[in-house]
>>> print(open('start36.csv').read())   # CSV, C-alpha atoms
chain,number,residue,atom,x,y,z
A,1,MET,CA,-9.4,42.8,48.4
A,2,GLY,CA,-6.4,40.6,48.9
A,3,ALA,CA,-6.8,37.1,47.5
A,4,ARG,CA,-6.8,37.0,43.7
A,5,TYR,CA,-7.6,34.5,40.9
A,6,THR,CA,-4.6,33.2,39.1
A,7,ARG,CA,-3.9,34.5,35.6
A,8,THR,CA,-4.6,31.0,34.3
A,9,ALA,CA,-8.0,30.9,35.9
A,10,ILE,CA,-8.9,34.4,34.5
A,11,GLY,CA,-7.7,33.4,31.0
A,12,LEU,CA,-9.5,30.1,31.0
A,13,HIS,CA,-12.7,31.7,32.2
A,14,TRP,CA,-12.8,34.2,29.3
A,15,ILE,CA,-11.5,31.9,26.6
A,16,ILE,CA,-14.1,29.3,27.5
A,17,PHE,CA,-16.9,31.9,27.7
A,18,VAL,CA,-16.2,33.2,24.2
A,19,ALA,CA,-15.7,29.7,22.8
A,20,LEU,CA,-18.9,28.4,24.3
A,21,ALA,CA,-20.9,31.3,23.0
A,22,GLY,CA,-19.5,30.7,19.5
A,23,MET,CA,-20.1,26.9,19.7
A,24,MET,CA,-23.7,27.4,20.8
A,25,THR,CA,-24.3,29.8,18.0
A,26,LEU,CA,-22.8,27.4,15.5
A,27,GLY,CA,-24.6,24.5,17.0
A,28,PHE,CA,-28.1,26.1,16.9
A,29,TYR,CA,-27.4,27.4,13.4
A,30,VAL,CA,-26.3,24.0,12.1
A,31,HIS,CA,-29.3,22.3,13.7
A,32,GLY,CA,-31.5,24.4,11.4
A,33,LEU,CA,-29.8,23.5,8.2
A,34,HIS,CA,-31.0,20.8,5.8
A,35,PHE,CA,-28.7,17.9,5.2
A,36,SER,CA,-26.1,19.2,2.7
A,37,PRO,CA,-22.3,19.3,2.2
A,38,THR,CA,-22.2,22.7,4.0
A,39,ARG,CA,-24.0,21.2,7.0
A,40,ILE,CA,-21.7,18.2,7.2
A,41,ARG,CA,-18.7,20.6,7.0
A,42,LEU,CA,-20.0,22.8,9.8
A,43,VAL,CA,-21.1,19.8,12.0
A,44,ASN,CA,-17.5,18.5,11.7
A,45,TYR,CA,-16.0,21.9,12.6
A,46,HIS,CA,-18.4,22.0,15.6
A,47,LYS,CA,-17.2,18.5,16.7
A,48,TRP,CA,-13.5,19.4,16.2
A,49,ALA,CA,-13.9,22.6,18.2
A,50,GLY,CA,-16.0,20.7,20.7
A,51,VAL,CA,-13.3,18.2,21.4
A,52,THR,CA,-10.7,21.0,21.7
A,53,LEU,CA,-13.0,22.9,24.1
A,54,PHE,CA,-13.7,19.7,26.1
A,55,LEU,CA,-9.9,19.4,26.7
A,56,LEU,CA,-9.7,23.0,27.7
A,57,ILE,CA,-12.6,22.5,30.1
A,58,LEU,CA,-11.0,19.5,31.7
A,59,LEU,CA,-7.9,21.5,32.1
A,60,ARG,CA,-10.0,24.3,33.8
A,61,LEU,CA,-11.6,21.8,36.1
A,62,LEU,CA,-8.3,20.4,37.1
A,63,TRP,CA,-7.0,23.9,37.7
A,64,ARG,CA,-10.1,24.7,39.8
A,65,LEU,CA,-9.6,21.6,41.9
A,66,THR,CA,-6.0,22.4,42.6
A,67,HIS,CA,-6.2,26.2,43.0
A,68,GLU,CA,-8.5,27.6,45.7
A,69,PRO,CA,-10.4,30.7,44.3
A,70,PRO,CA,-10.5,33.9,46.4
A,71,PRO,CA,-13.2,33.8,49.1
A,72,LEU,CA,-16.5,35.5,48.7
A,73,PRO,CA,-17.0,38.8,50.6
A,74,ALA,CA,-17.6,38.1,54.3
A,75,THR,CA,-20.7,40.4,54.1
A,76,MET,CA,-22.6,37.9,51.9
A,77,PRO,CA,-25.5,36.1,53.7
A,78,ARG,CA,-25.1,32.3,54.1
A,79,LEU,CA,-27.9,31.5,51.6
A,80,THR,CA,-26.4,33.7,48.9
A,81,ARG,CA,-23.0,32.1,49.4
A,82,TRP,CA,-24.5,28.7,49.1
A,83,ALA,CA,-26.4,29.8,45.9
A,84,ALA,CA,-23.2,31.2,44.4
A,85,SER,CA,-21.3,28.0,45.1
A,86,ALA,CA,-24.1,25.8,43.7
A,87,VAL,CA,-24.3,27.8,40.5
A,88,HIS,CA,-20.5,27.6,40.0
A,89,TRP,CA,-20.5,23.8,40.4
A,90,MET,CA,-23.5,23.5,38.2
A,91,LEU,CA,-21.7,25.5,35.5
A,92,TYR,CA,-18.7,23.3,35.8
A,93,LEU,CA,-20.9,20.2,35.6
A,94,LEU,CA,-22.7,21.6,32.5
A,95,MET,CA,-19.4,22.5,30.8
A,96,PHE,CA,-18.4,18.9,31.2
A,97,ALA,CA,-21.7,17.4,30.3
A,98,ILE,CA,-22.4,19.4,27.2
A,99,PRO,CA,-19.4,18.3,25.1
A,100,PHE,CA,-19.7,14.8,26.5
A,101,SER,CA,-23.4,14.5,25.5
A,102,GLY,CA,-22.4,15.8,22.0
A,103,TRP,CA,-19.7,13.1,21.7
A,104,LEU,CA,-22.2,10.4,22.7
A,105,MET,CA,-24.9,11.8,20.4
A,106,SER,CA,-22.5,11.6,17.5
A,107,SER,CA,-21.8,8.0,18.1
A,108,ALA,CA,-25.5,7.1,18.6
A,109,LYS,CA,-26.3,8.8,15.3
A,110,GLY,CA,-23.7,6.6,13.6
A,111,TYR,CA,-20.9,9.1,13.3
A,112,GLN,CA,-17.7,8.4,15.1
A,113,THR,CA,-16.0,11.7,16.3
A,114,VAL,CA,-12.7,12.1,14.5
A,115,TRP,CA,-10.8,15.1,15.9
A,116,PHE,CA,-9.7,17.3,13.0
A,117,GLY,CA,-10.5,14.3,10.7
A,118,ILE,CA,-7.4,12.6,12.1
A,119,VAL,CA,-7.7,11.4,15.7
A,120,PRO,CA,-10.6,9.1,16.2
A,121,LEU,CA,-12.4,9.1,19.6
A,122,PRO,CA,-13.9,5.8,20.8
A,123,ASP,CA,-17.6,5.3,20.3
A,124,LEU,CA,-18.9,4.9,23.9
A,125,VAL,CA,-22.4,4.0,22.7
A,126,GLN,CA,-23.5,1.9,19.7
A,127,ARG,CA,-25.4,3.4,16.8
A,128,ASN,CA,-29.0,3.7,17.8
A,129,ALA,CA,-31.4,6.2,16.2
A,130,VAL,CA,-33.7,6.6,19.2
A,131,LEU,CA,-30.8,7.2,21.6
A,132,GLY,CA,-29.4,9.6,19.0
A,133,SER,CA,-32.4,11.8,19.1
A,134,GLN,CA,-32.7,11.6,22.9
A,135,LEU,CA,-29.1,12.7,23.2
A,136,LEU,CA,-29.7,15.5,20.7
A,137,GLN,CA,-32.6,16.7,23.0
A,138,LEU,CA,-30.3,16.4,26.0
A,139,HIS,CA,-27.4,18.2,24.3
A,140,ALA,CA,-29.8,21.1,23.5
A,141,THR,CA,-31.6,21.2,26.9
A,142,LEU,CA,-28.2,21.3,28.8
A,143,ASN,CA,-27.3,24.3,26.6
A,144,PHE,CA,-30.5,26.1,27.5
A,145,ILE,CA,-29.9,25.4,31.2
A,146,LEU,CA,-26.3,26.7,30.7
A,147,ILE,CA,-27.6,29.9,29.1
A,148,VAL,CA,-30.0,30.5,32.0
A,149,LEU,CA,-27.4,29.8,34.7
A,150,ALA,CA,-24.7,31.8,32.9
A,151,ALA,CA,-27.1,34.7,32.7
A,152,ALA,CA,-27.8,34.4,36.5
A,153,HIS,CA,-24.1,34.2,37.1
A,154,ALA,CA,-23.4,37.4,35.1
A,155,ALA,CA,-26.4,39.2,36.7
A,156,ALA,CA,-25.0,38.4,40.1
A,157,ALA,CA,-21.6,39.7,39.2
A,158,PHE,CA,-23.1,43.0,38.0
A,159,LYS,CA,-25.1,43.2,41.2
A,160,HIS,CA,-21.9,42.8,43.2
A,161,HIS,CA,-20.3,45.5,41.2
A,162,PHE,CA,-23.1,48.1,40.9
A,163,ILE,CA,-25.1,47.5,44.0
A,164,ASP,CA,-22.8,45.9,46.6
A,165,HIS,CA,-19.7,47.8,45.3
A,166,ASP,CA,-17.4,44.9,46.1
A,167,ASP,CA,-14.6,43.4,43.9
A,168,VAL,CA,-16.3,40.2,42.9
A,169,LEU,CA,-16.7,41.3,39.2
A,170,THR,CA,-13.4,43.2,38.9
A,171,ARG,CA,-11.3,40.3,40.3
A,172,ILE,CA,-12.1,38.1,37.3
A,173,LEU,CA,-11.1,40.9,34.9
A,174,ARG,CA,-7.6,41.6,36.0
B,1,MET,CA,0.7,-20.7,-6.3
B,2,LYS,CA,-1.1,-20.9,-9.6
B,3,SER,CA,-3.9,-23.4,-9.8
B,4,PRO,CA,-3.2,-26.3,-12.1
B,5,THR,CA,-6.8,-26.3,-13.3
B,6,MET,CA,-6.0,-23.4,-15.6
B,7,LYS,CA,-3.4,-25.5,-17.5
B,8,CYS,CA,-5.5,-28.6,-17.7
B,9,GLY,CA,-6.4,-29.6,-21.2
B,10,SER,CA,-8.1,-32.8,-22.3
B,11,ALA,CA,-4.9,-34.5,-23.4
B,12,ILE,CA,-3.3,-36.0,-20.3
B,13,SER,CA,-6.3,-36.3,-18.1
B,14,ILE,CA,-4.7,-38.5,-15.4
B,15,VAL,CA,-1.9,-36.2,-14.8
B,16,CYS,CA,-4.3,-33.3,-14.9
B,17,ALA,CA,-6.6,-34.9,-12.3
B,18,LEU,CA,-3.6,-35.6,-10.1
B,19,THR,CA,-2.2,-32.1,-10.3
B,20,THR,CA,-5.6,-30.7,-9.6
B,21,ALA,CA,-6.2,-32.9,-6.6
B,22,LEU,CA,-2.8,-32.7,-5.0
B,23,PRO,CA,-2.8,-29.2,-3.6
B,24,VAL,CA,-6.4,-29.8,-2.4
B,25,LEU,CA,-5.4,-33.0,-0.6
B,26,ALA,CA,-2.2,-31.3,0.7
B,27,ILE,CA,-4.2,-28.5,2.3
B,28,GLY,CA,-7.2,-30.5,3.2
B,29,LEU,CA,-9.1,-27.5,4.5
B,30,LEU,CA,-11.3,-26.9,1.5
B,31,PRO,CA,-13.9,-29.6,1.5
B,32,ALA,CA,-15.9,-27.5,-1.0
B,33,LEU,CA,-13.2,-28.1,-3.6
B,34,ALA,CA,-12.6,-31.7,-2.6
B,35,ASN,CA,-16.3,-32.5,-2.9
B,36,ALA,CA,-16.5,-30.8,-6.3
B,37,ILE,CA,-20.0,-29.5,-5.7
B,38,GLU,CA,-21.6,-27.3,-8.2
B,39,TYR,CA,-23.3,-24.4,-6.5
B,40,THR,CA,-26.4,-23.2,-8.2
B,41,ALA,CA,-28.0,-20.7,-5.8
B,42,VAL,CA,-27.2,-18.0,-3.3
B,43,ASP,CA,-28.4,-18.2,0.2
B,44,THR,CA,-29.5,-14.6,0.5
B,45,ALA,CA,-30.6,-15.0,4.1
B,46,HIS,CA,-27.0,-15.5,5.1
B,47,SER,CA,-25.2,-13.4,2.5
B,48,LYS,CA,-24.1,-9.8,3.1
B,49,ILE,CA,-23.4,-6.8,0.9
B,50,GLY,CA,-21.8,-4.1,3.0
B,51,PHE,CA,-19.9,-1.0,2.1
B,52,SER,CA,-18.0,1.8,3.8
B,53,TYR,CA,-16.9,5.3,2.9
B,54,THR,CA,-15.5,8.3,4.7
B,55,GLU,CA,-17.0,11.7,5.3
B,56,MET,CA,-14.4,14.3,6.4
B,57,GLY,CA,-12.2,11.5,7.9
B,58,VAL,CA,-15.1,9.8,9.6
B,59,LYS,CA,-15.7,6.2,8.4
B,60,LEU,CA,-19.3,5.2,7.9
B,61,SER,CA,-20.5,1.7,7.2
B,62,GLY,CA,-23.7,0.7,5.3
B,63,SER,CA,-25.3,-2.3,3.8
B,64,PHE,CA,-28.0,-3.4,1.4
B,65,ALA,CA,-30.8,-5.6,2.8
B,66,LYS,CA,-32.5,-6.9,-0.3
B,67,TYR,CA,-31.0,-8.5,-3.4
B,68,ALA,CA,-31.7,-11.3,-5.8
B,69,ALA,CA,-28.8,-13.4,-7.2
B,70,GLN,CA,-28.4,-16.1,-9.8
B,71,LEU,CA,-25.3,-18.2,-9.6
B,72,LYS,CA,-23.7,-21.1,-11.3
B,73,PHE,CA,-20.3,-22.0,-9.8
B,74,ASP,CA,-18.3,-25.2,-9.8
B,75,PRO,CA,-15.0,-24.5,-7.9
B,76,ALA,CA,-13.3,-27.1,-10.2
B,77,LYS,CA,-14.5,-25.3,-13.4
B,78,PRO,CA,-14.4,-21.6,-12.5
B,79,GLN,CA,-14.2,-20.5,-16.1
B,80,GLU,CA,-17.7,-21.7,-16.6
B,81,ALA,CA,-19.1,-19.8,-13.6
B,82,HIS,CA,-21.7,-17.1,-13.9
B,83,VAL,CA,-23.0,-14.7,-11.3
B,84,LEU,CA,-25.7,-12.1,-11.6
B,85,VAL,CA,-26.8,-9.9,-8.7
B,86,ASP,CA,-29.6,-7.4,-8.6
B,87,VAL,CA,-29.5,-5.2,-5.5
B,88,ALA,CA,-32.6,-3.2,-4.5
B,89,ALA,CA,-31.2,0.3,-4.3
B,90,SER,CA,-34.0,1.4,-1.9
B,91,SER,CA,-32.9,-1.3,0.7
B,92,ILE,CA,-29.8,0.7,1.5
B,93,ASP,CA,-28.7,1.6,5.0
B,94,ALA,CA,-26.2,4.4,4.3
B,95,GLY,CA,-24.7,4.4,7.8
B,96,SER,CA,-26.9,7.0,9.5
B,97,ALA,CA,-30.6,7.9,9.4
B,98,GLU,CA,-30.1,11.2,7.6
B,99,ALA,CA,-27.7,9.7,5.1
B,100,THR,CA,-30.1,6.8,4.3
B,101,THR,CA,-32.9,9.3,3.5
B,102,GLU,CA,-30.6,11.5,1.5
B,103,VAL,CA,-29.1,8.8,-0.6
B,104,ALA,CA,-32.4,7.8,-2.3
B,105,ASP,CA,-32.4,11.3,-3.8
B,106,LYS,CA,-31.8,12.1,-7.5
B,107,ALA,CA,-28.2,13.3,-6.8
B,108,TRP,CA,-27.3,10.0,-5.2
B,109,LEU,CA,-28.9,6.7,-6.2
B,110,ASP,CA,-32.1,8.1,-7.7
B,111,THR,CA,-33.9,5.0,-6.5
B,112,ALA,CA,-37.2,6.2,-8.1
B,113,HIS,CA,-35.7,5.9,-11.6
B,114,SER,CA,-32.9,3.4,-11.0
B,115,PRO,CA,-34.4,0.8,-8.6
B,116,ALA,CA,-31.6,-1.7,-9.0
B,117,VAL,CA,-27.8,-1.9,-8.7
B,118,HIS,CA,-26.8,-4.6,-11.1
B,119,PHE,CA,-23.7,-6.8,-11.4
B,120,GLU,CA,-23.2,-9.5,-14.0
B,121,SER,CA,-20.0,-11.5,-14.3
B,122,THR,CA,-18.2,-11.8,-17.6
B,123,SER,CA,-15.3,-14.0,-16.6
B,124,VAL,CA,-14.1,-16.0,-13.6
B,125,SER,CA,-10.6,-17.3,-13.3
B,126,ALA,CA,-8.8,-19.4,-10.7
B,127,GLN,CA,-5.8,-17.9,-9.1
B,128,ALA,CA,-4.3,-19.6,-6.1
B,129,THR,CA,-6.2,-22.5,-4.4
B,130,GLY,CA,-9.6,-21.1,-3.3
B,131,HIS,CA,-8.8,-17.7,-4.8
B,132,TYR,CA,-10.6,-16.5,-7.9
B,133,GLN,CA,-10.7,-13.4,-9.9
B,134,LEU,CA,-14.3,-12.3,-10.7
B,135,GLY,CA,-14.6,-10.0,-13.7
B,136,GLY,CA,-17.9,-8.3,-14.6
B,137,ASN,CA,-19.9,-5.2,-15.2
B,138,LEU,CA,-21.3,-3.1,-12.4
B,139,THR,CA,-24.3,-0.9,-13.3
B,140,ILE,CA,-25.4,1.9,-11.0
B,141,LYS,CA,-27.9,4.6,-12.1
B,142,GLY,CA,-27.4,3.7,-15.8
B,143,HIS,CA,-23.6,3.9,-15.7
B,144,THR,CA,-22.0,0.6,-16.5
B,145,ARG,CA,-18.3,0.0,-15.8
B,146,PRO,CA,-16.1,-3.1,-15.8
B,147,LEU,CA,-15.0,-4.4,-12.5
B,148,SER,CA,-12.6,-7.1,-11.3
B,149,VAL,CA,-13.0,-8.5,-7.8
B,150,PRO,CA,-10.6,-11.0,-6.1
B,151,VAL,CA,-12.8,-13.5,-4.2
B,152,ILE,CA,-11.9,-16.2,-1.7
B,153,LEU,CA,-13.9,-19.4,-1.3
B,154,THR,CA,-14.1,-20.7,2.2
B,155,THR,CA,-16.2,-23.2,4.2
B,156,THR,CA,-16.8,-22.5,7.8
B,157,ALA,CA,-19.4,-24.3,10.0
B,158,GLY,CA,-20.9,-26.0,7.0
B,159,GLN,CA,-21.4,-22.7,5.1
B,160,THR,CA,-19.5,-22.2,1.9
B,161,ALA,CA,-19.1,-18.6,0.9
B,162,LEU,CA,-17.3,-16.3,-1.5
B,163,ASP,CA,-15.8,-13.3,0.2
B,164,GLY,CA,-14.4,-10.3,-1.7
B,165,THR,CA,-13.8,-6.6,-1.4
B,166,PHE,CA,-13.4,-4.0,-4.0
B,167,THR,CA,-13.4,-0.2,-4.3
B,168,PHE,CA,-15.1,2.0,-6.8
B,169,ASN,CA,-15.2,5.7,-7.2
B,170,ARG,CA,-18.7,7.0,-6.7
B,171,THR,CA,-18.4,9.8,-9.2
B,172,ASP,CA,-17.7,7.3,-12.0
B,173,TYR,CA,-21.3,6.2,-11.5
B,174,GLY,CA,-22.9,9.6,-10.9
B,175,VAL,CA,-23.4,8.8,-7.2
B,176,GLY,CA,-23.4,12.1,-5.4
B,177,GLU,CA,-23.9,14.8,-8.1
B,178,GLY,CA,-24.2,18.6,-8.0
B,179,GLU,CA,-23.1,20.0,-4.6
B,180,TRP,CA,-22.3,16.4,-3.4
B,181,ALA,CA,-19.6,16.0,-6.1
B,182,ASP,CA,-17.2,17.7,-3.7
B,183,THR,CA,-15.1,14.7,-2.6
B,184,SER,CA,-13.6,16.7,0.3
B,185,ILE,CA,-16.9,16.0,2.2
B,186,VAL,CA,-17.9,12.5,1.1
B,187,ALA,CA,-14.8,10.9,-0.2
B,188,ASN,CA,-14.8,9.4,-3.7
B,189,PRO,CA,-13.8,5.8,-3.0
B,190,ILE,CA,-16.5,3.4,-1.8
B,191,GLN,CA,-15.2,0.1,-0.4
B,192,VAL,CA,-17.6,-2.8,-0.9
B,193,GLN,CA,-17.5,-6.0,1.1
B,194,ILE,CA,-19.4,-9.0,-0.3
B,195,HIS,CA,-20.1,-12.3,1.5
B,196,ILE,CA,-22.0,-14.6,-0.7
B,197,VAL,CA,-23.2,-17.8,0.9
B,198,LEU,CA,-23.4,-20.5,-1.7
B,199,SER,CA,-26.1,-23.2,-1.9
B,200,ALA,CA,-26.1,-26.4,-3.9
B,201,GLY,CA,-29.8,-26.7,-3.9
B,202,GLY,CA,-32.5,-24.8,-5.8
>>> encode(input="start36.csv", output="structure tokens")
Amino acid sequence: MGARYTRTAIGLHWIIFVALAGMMTLGFYVHGLHFSPTRIRLVNYHKWAGVTLFLLILLRLLWRLTHEPPPLPATMPRLTRWAASAVHWMLYLLMFAIPFSGWLMSSAKGYQTVWFGIVPLPDLVQRNAVLGSQLLQLHATLNFILIVLAAAHAAAAFKHHFIDHDDVLTRILR
Amino acid sequence: MKSPTMKCGSAISIVCALTTALPVLAIGLLPALANAIEYTAVDTAHSKIGFSYTEMGVKLSGSFAKYAAQLKFDPAKPQEAHVLVDVAASSIDAGSAEATTEVADKAWLDTAHSPAVHFESTSVSAQATGHYQLGGNLTIKGHTRPLSVPVILTTTAGQTALDGTFTFNRTDYGVGEGEWADTSIVANPIQVQIHIVLSAGG
């Protein structure tokens, strides 16, 4: 007990979790559609939401770097602590890399990203079909890694709650 | 400034020649005009036909790689000029790999049944020095509509070229039918940029 997450950290954790789950669902659904006006519309919604989420993730990273989270229970073995810390930083890295790879992928495929159809983002790479499909692979692969790590992260939280009976799960809820 | 060539009749030819030559000499930047070359061919290797359009606020740029052109153009006698361009519809790059594949389809250019995009001039008139108004008919997918394009004649690094831009509405030519007729996805206006390098030979 004692040290707590800030309300901002808790809010960002859950908003970004729900948004990422929705974005992944939309992304995988859109990927399966044939080229059509509906697909273009949904791809653009995905990009607009992606840019918004990217900003939210940057805010979260900034918050994390300036606000020390509550410490892990002292009873945890050194290796488990190290694993928990490694997974957390990998999750942050993926949350940054996934929207970033989507942005690059869009440029490589020849489509500049224009936030809400109004604010153009710079093309950081030139149009290049081969690079475009490589970045698509990367974007998808990073998402699969995120699913696996997020599942491990959630499983660990449940283990803390149901087996270790500590406050690691509950302190991110309230 | 209105070009004096338009008012030149046969009556007072000396005055006419002087008024034609004066603005050219005064500017001195348009050797193509001063040399009074008649251009009879298009250097397709250096010419460009590009276009751009927007898709939900995203600007995409494309081009056509293959076209044949016939041309007769004497900058001093623009009213006698004639231009004919046949663009191979299948040589399109629509700005992205998937768009390029899609645009060959029946709903778009229907390249299987309409292999060429065709333009033929019907009138050319001089405006300001080096500026011309090119009137003609544009045919896409069997739809023919009149078109008027302002073009500028320039010479840079020994290449004389006509440059012009114009906009047409894709739905006027049946480009993007059915579900694609929704202009909130692919916008209706298509901007075309032409860069026609002229050649005196051939």
>>> residues_around(input="start36.csv", residues="stretch 160-166 of chain A", least_positions_apart="5", cutoff="12 Å", atoms="only C-alpha atoms", output="CSV table (one decimal) with C-alpha atoms, keeping the file's coordinate frame")
chain,number,residue,atom,x,y,z
A,1,MET,CA,-9.4,42.8,48.4
A,72,LEU,CA,-16.5,35.5,48.7
A,73,PRO,CA,-17.0,38.8,50.6
A,74,ALA,CA,-17.6,38.1,54.3
A,75,THR,CA,-20.7,40.4,54.1
A,76,MET,CA,-22.6,37.9,51.9
A,80,THR,CA,-26.4,33.7,48.9
A,84,ALA,CA,-23.2,31.2,44.4
A,153,HIS,CA,-24.1,34.2,37.1
A,154,ALA,CA,-23.4,37.4,35.1
A,155,ALA,CA,-26.4,39.2,36.7
A,171,ARG,CA,-11.3,40.3,40.3
A,172,ILE,CA,-12.1,38.1,37.3
>>> atom_distance(input="start36.csv", atom1="atom CA of B:Glu102", atom2="atom CA of A:Ser107")
19.1 Å
>>> residues_near_point(input="start36.csv", point="(-25.6, 12.5, 25.1)", cutoff="8 Å", atoms="only C-alpha atoms", output="VMD selection string")
chain A and resid 98 100 to 105 132 134 to 136 138 to 139
>>> atom_distance(input="start36.csv", atom1="atom CA of B:Ile49", atom2="atom CA of B:Thr165")
9.9 Å
>>> closest_residue(input="start36.csv", among="B:Leu198, B:Val103, B:Ala45, B:Ala126", to="chain A", atoms="all atoms listed in the file")
B:Val103
>>> atom_distance(input="start36.csv", atom1="atom CA of A:Thr66", atom2="atom CA of A:Leu169")
22.0 Å
>>> closest_residue(input="start36.csv", among="A:Val130, A:Val125, A:Tyr92, A:Ile118", to="A:Leu146", atoms="all atoms listed in the file")
A:Tyr92
>>> closest_residue(input="start36.csv", among="B:Gly50, B:Pro146, B:Gly136, B:Gly176", to="chain A", atoms="all atoms listed in the file")
B:Gly176
>>> closest_residue(input="start36.csv", among="B:Ala41, B:Ala94, B:Val58, B:Val192", to="B:Asp74", atoms="all atoms listed in the file")
B:Ala41
>>> closest_residue(input="start36.csv", among="B:Thr129, B:Ser90, B:Gln79, B:Thr100", to="chain A", atoms="all atoms listed in the file")
B:Thr100
>>> interface_residues(input="start36.csv", of="chain B", to="chain A", cutoff="12 Å", atoms="all atoms listed in the file", output="MDAnalysis selection string")
chainID B and resid 53:62 93:103 105 107 176:187
>>> closest_residue(input="start36.csv", among="B:Ile140, B:Ile196, B:Arg145, B:Leu153", to="B:Ala68", atoms="all atoms listed in the file")
B:Ile196
>>> residues_around(input="start36.csv", residues="A:Pro71", least_positions_apart="6", cutoff="12 Å", atoms="all atoms listed in the file", output="MDAnalysis selection string")
chainID A and resid 1:5 81 84:85 167:168 171
